[in-house]
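Novice: Below you'll find the structure I mean.
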Amino acid sequence: MKPGDALMQHYLQFKDLRAEEYAYLFERTRIIKTRFKNYEKYQPLVDRTLAMIFEKASTRTRVSFEAGMYQMGGSVVHLTTGDSQLGRAEPVEDSARVISRMVDIVMIRTFEQAKLEGFAGHSRVPVINGLTNEYHPCQILADVFTFIEQRGDIKGRVVAWVGDGNNMANTWLQAADILGFTLHVSTPTGYELDPVVAGVTNTRCVKVFDHPMDACRGAHLVTTDVWTSMGYEAENEERRKAFIDWCVDADMMAAARPDALFMHCLPAHRGEEVAAEVIDGPQSVVWDEAENRMHVQKALMEYLLLGRIG
C-alpha cells in the first residue's frame, strides 16, 4: 500500500479489525514464527521504515517491534518523549503530518487514546497502538495467539480477568465480543471494568463477579496485570490495600479448569497480583506470551503495509 491509499488501515483498538481478519493474522503469525524458528530468512518489508514513538517507557514493546521490523528487512527510527514531545513542542497533528511523510508505518505508546487518534487522523501511513491508558491491542493480539497455539480456537472458551479494570481489561472485552468467547471479570470496588470505555455494547460476552475465585471457576485462561499501571503511581499505596484479595494464587488456578493457562503481560510483581508459584509454575505461559508479541506484530505490520499475502 502507498501513503494516502484509500485502503490504509490503522490499528488503534482491538475492534478495528474483524474476526476474519484476526483469523488471517493468526495464521500469518504461525507461518512467520515457524520461519523464524527454522532460521528461514523472510524480509517482505525491505526499504520500509517504522517510527516508534514512546511517551511511556517499555521493554517488551520496544524490543518486539524493533527486532521484528529488522527481521522483516525494514529499518527503525526510535523516538522518546524528549525527542518527540507530541502535542507539546508542536501540535500532535503537525507531528503526524511531518513524521508520516518520512516513514512507512508508525507505532505510538502514549497516555491518552485521544492523542493517538489525533496523530492517526493526520497520518499518511498506518498507525499502531503500542499502548494507551485505554487500550493495549497488540498485547491481547499476542495473548489470543498464545492461547490458540497452546489450546486451539478461543471461540466458546472462558477467560478470567482478575484485577484492575484497566486498558488490558477493556481490550479483553473487545476481543471477547469479536472472537466469541466469554470474559469473566472480578475487580475491587472502584476499579470496575466499564463497557462504555471499552466501546462494547454486547454485554452478554462478559460476566462480572464480586469474588475473584468465582471468576476463575471453569476458566480456560486466567490472566491479570499489575495493580498500579504506568501513570497511576500516586495511587500505589491505596491500590495495594484495595487489591489485596486479587492476587492470582494456586487456589484460584485450582478453581479453573485442570488444563487452564495463566498469562500476564509483564512486568510482574510476585506476591502482589500473582503468586510466584503461579507465574513460575507449569500452567504459566508468560514467556511464550512475551515472545509472541514480536511474531504477531510482524504479521500485523505485514498486513497493514502489504495487505493479504497470497
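Numbering starts fresh at 1 for the residues of each chain in the C-alpha cells, the chains themselves are lettered A, B, ... in the order given, and ligands are numbered from 1 as they appear.
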Enumerate, in order of chain and increasing residue number, the residues of segment 133-191 of chain A with an atom no farther than 6 Å from segment 217-240 of chain A, each with its shortest atom pair and distance in Å to one decimal, counting only C-alpha atoms, as a tab-separated table.
Specialist:
```
residue	atom	partner	partner_atom	distance
A:Val158	CA	A:Ala219	CA	4.9
A:Val159	CA	A:Leu221	CA	4.8
A:Ala160	CA	A:Val222	CA	4.7
A:Trp161	CA	A:Thr223	CA	5.3
A:Val162	CA	A:Thr224	CA	5.2
A:Gly163	CA	A:Thr224	CA	5.9
```
Novice: Please produce a file of the residues just selected, as an mmCIF file, in the first residue's frame, where the atoms kept are N, CA and C atoms.
Specialist:
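Final output, saved to result00.cif:
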```cif
data_model
loop_
_atom_site.group_PDB
_atom_site.id
_atom_site.type_symbol
_atom_site.label_atom_id
_atom_site.label_comp_id
_atom_site.auth_asym_id
_atom_site.auth_seq_id
_atom_site.Cartn_x
_atom_site.Cartn_y
_atom_site.Cartn_z
ATOM 1 N N VAL A 158 -13.654 -19.669 28.077
ATOM 2 C CA VAL A 158 -13.842 -18.708 29.162
ATOM 3 C C VAL A 158 -12.488 -18.151 29.586
ATOM 4 N N VAL A 159 -12.372 -16.833 29.559
ATOM 5 C CA VAL A 159 -11.168 -16.134 30.020
ATOM 6 C C VAL A 159 -11.521 -15.390 31.299
ATOM 7 N N ALA A 160 -10.746 -15.594 32.354
ATOM 8 C CA ALA A 160 -10.977 -14.903 33.624
ATOM 9 C C ALA A 160 -9.980 -13.773 33.787
ATOM 10 N N TRP A 161 -10.508 -12.564 33.969
ATOM 11 C CA TRP A 161 -9.668 -11.399 34.240
ATOM 12 C C TRP A 161 -9.784 -11.058 35.720
ATOM 13 N N VAL A 162 -8.655 -11.069 36.436
ATOM 14 C CA VAL A 162 -8.633 -10.798 37.870
ATOM 15 C C VAL A 162 -7.770 -9.566 38.117
ATOM 16 N N GLY A 163 -8.375 -8.485 38.644
ATOM 17 C CA GLY A 163 -7.579 -7.297 38.944
ATOM 18 C C GLY A 163 -8.213 -6.016 38.491
#
```
Novice: DSSP on the backbone: which residues in segment 112-207 of chain A end up as strand (DSSP E or B)? Give the answer as a ChimeraX atom specification.
Specialist: /A:127-131,158-162,182-186,206-207
Novice: Take the selection from the previous step and output its residues with N, CA and C atoms, as a compact mmCIF listing (two decimals), in the first residue's frame.
Specialist:
```
# COMPACT_ATOMS: atom_id res chain seq x y z
N VAL A 127 -0.94 3.65 11.54
CA VAL A 127 -0.52 3.92 12.91
C VAL A 127 -0.98 2.75 13.79
N ILE A 128 -0.07 2.28 14.65
CA ILE A 128 -0.35 1.16 15.56
C ILE A 128 -0.32 1.64 17.00
N ASN A 129 -1.28 1.20 17.78
CA ASN A 129 -1.32 1.50 19.21
C ASN A 129 -0.39 0.53 19.94
N GLY A 130 0.72 1.07 20.48
CA GLY A 130 1.64 0.27 21.28
C GLY A 130 1.25 0.22 22.74
N LEU A 131 0.26 0.98 23.14
CA LEU A 131 -0.37 1.04 24.46
C LEU A 131 -0.83 2.47 24.70
N VAL A 158 -13.65 -19.67 28.08
CA VAL A 158 -13.84 -18.71 29.16
C VAL A 158 -12.49 -18.15 29.59
N VAL A 159 -12.37 -16.83 29.56
CA VAL A 159 -11.17 -16.13 30.02
C VAL A 159 -11.52 -15.39 31.30
N ALA A 160 -10.75 -15.59 32.35
CA ALA A 160 -10.98 -14.90 33.62
C ALA A 160 -9.98 -13.77 33.79
N TRP A 161 -10.51 -12.56 33.97
CA TRP A 161 -9.67 -11.40 34.24
C TRP A 161 -9.78 -11.06 35.72
N VAL A 162 -8.65 -11.07 36.44
CA VAL A 162 -8.63 -10.80 37.87
C VAL A 162 -7.77 -9.57 38.12
N THR A 182 -16.20 -15.93 26.29
CA THR A 182 -16.81 -15.26 27.45
C THR A 182 -15.72 -14.74 28.37
N LEU A 183 -15.87 -13.51 28.81
CA LEU A 183 -14.92 -12.90 29.73
C LEU A 183 -15.52 -12.83 31.13
N HIS A 184 -14.87 -13.51 32.08
CA HIS A 184 -15.23 -13.39 33.50
C HIS A 184 -14.35 -12.30 34.10
N VAL A 185 -14.95 -11.36 34.80
CA VAL A 185 -14.21 -10.23 35.36
C VAL A 185 -14.47 -10.10 36.85
N SER A 186 -13.38 -9.93 37.61
CA SER A 186 -13.50 -9.61 39.03
C SER A 186 -12.51 -8.51 39.36
N VAL A 206 -19.67 -10.80 28.67
CA VAL A 206 -18.93 -10.56 29.92
C VAL A 206 -19.80 -10.90 31.12
N LYS A 207 -19.20 -11.54 32.13
CA LYS A 207 -19.86 -11.82 33.39
C LYS A 207 -19.00 -11.26 34.51
```
Novice: Taking only residues of segment 47-93 of chain A that have an atom at most 12 Å from an atom of segment 32-37 of chain A, what is each one's shortest atom pair and its distance in Å to one decimal, using only C-alpha atoms, in chain and number order, as a Markdown table?
Specialist:
```
| residue | atom | partner | partner_atom | distance |
| --- | --- | --- | --- | --- |
| A:Ala67 | CA | A:Phe36 | CA | 11.8 |
| A:Gly68 | CA | A:Phe36 | CA | 10.2 |
| A:Gln71 | CA | A:Phe36 | CA | 8.7 |
| A:Met72 | CA | A:Ile32 | CA | 9.6 |
```
Novice: Find the residues of segment 90-157 of chain A that sit at most 10 Å from segment 7-25 of chain A; for each, write down the nearest two atoms and how far apart they are in Å, to one decimal. Count only C-alpha atoms. Sort by chain, then by number going up, and give it as a tab-separated table.
Specialist:
```
residue	atom	partner	partner_atom	distance
A:Ile105	CA	A:His10	CA	9.4
A:Val106	CA	A:His10	CA	9.4
A:Met107	CA	A:Tyr11	CA	9.3
A:Ile108	CA	A:Leu12	CA	9.5
A:Gln113	CA	A:Leu12	CA	8.3
A:Leu116	CA	A:Leu12	CA	7.6
A:Glu117	CA	A:Leu12	CA	7.4
A:Ala120	CA	A:His10	CA	7.2
A:Gly121	CA	A:His10	CA	9.5
A:Ser123	CA	A:His10	CA	9.6
A:Arg124	CA	A:Met8	CA	8.5
A:Val125	CA	A:Met8	CA	7.1
A:Pro126	CA	A:His10	CA	4.8
A:Val127	CA	A:His10	CA	4.9
A:Ile128	CA	A:Tyr11	CA	4.7
A:Asn129	CA	A:Leu12	CA	4.8
A:Gly130	CA	A:Leu12	CA	8.5
A:Leu131	CA	A:Leu12	CA	8.9
A:Thr132	CA	A:Leu12	CA	9.2
A:Glu134	CA	A:Gln13	CA	9.0
A:Tyr135	CA	A:Gln13	CA	6.4
A:His136	CA	A:Gln13	CA	7.4
A:Pro137	CA	A:Phe14	CA	4.9
A:Cys138	CA	A:Phe14	CA	7.9
A:Gln139	CA	A:Phe14	CA	9.8
A:Ile140	CA	A:Phe14	CA	8.0
A:Leu141	CA	A:Phe14	CA	7.9
A:Val144	CA	A:Tyr22	CA	9.8
A:Phe145	CA	A:Leu25	CA	9.2
A:Asp153	CA	A:Ala23	CA	9.9
```
Novice: Residues near Arg157 of chain A, anyone? I mean within 6 Å using only C-alpha atoms, not counting same-chain ones fewer than 2 positions away, as a list in words.
Specialist: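 Here the qualifying residues turn out to be Ile154, Lys155 and Phe181 of chain A.
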Novice: Atoms to include: C-alpha atoms. Write the selected residues as a PDB file, in the first residue's frame.
Specialist:
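Output file again-v8.pdb follows:
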```
ATOM      1  CA  ILE A 154     -10.557 -19.479  21.711  1.00  0.00           C
ATOM      2  CA  LYS A 155     -14.161 -19.252  20.492  1.00  0.00           C
ATOM      3  CA  PHE A 181     -15.543 -16.157  23.966  1.00  0.00           C
TER       4      PHE A 181
END
```
Novice: Using DSSP on the backbone, list every residue of segment 83-294 of chain A that comes out as helix (DSSP H, G or I), and give them as an NGL selection string.
Specialist: :A and (83-84 or 92-99 or 113-120 or 137-151 or 167-179 or 195-198 or 203-205 or 212-216 or 233-242 or 250-255 or 276-279 or 286-294)
Novice: In Å, with one decimal, what is the gap from atom CA of Asn170 of chain A to atom CA of Val248 of chain A?
Specialist: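 One can read the atom CA of Asn170 of chain A to atom CA of Val248 of chain A distance as 19.2 Å.
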Novice: Residues within 9 Å of segment 284-292 of chain A, please, as a list in words. Count only C-alpha atoms; anything in the same chain fewer than 2 positions from it doesn't count.
Specialist: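 Listed by chain and then number, they are Thr29, Lys33, Arg60, Ser64, Gln139, Leu141, Ala142, Asp143, Val144, Phe145, Thr146, Phe147, Gln150, Leu261, Phe262, Met263, His264, Cys265, Leu266, Val278, Ile279, Asp280, Gly281, Pro282, Met294, His295, Val296 and Gln297 of chain A.
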Novice: Would you mind reading off the distance between atom CA of Asn133 of chain A and atom CA of Leu173 of chain A, one decimal, in Å?
Specialist: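 Computing the Euclidean distance for atom CA of Asn133 of chain A and atom CA of Leu173 of chain A yields 15.2 Å.
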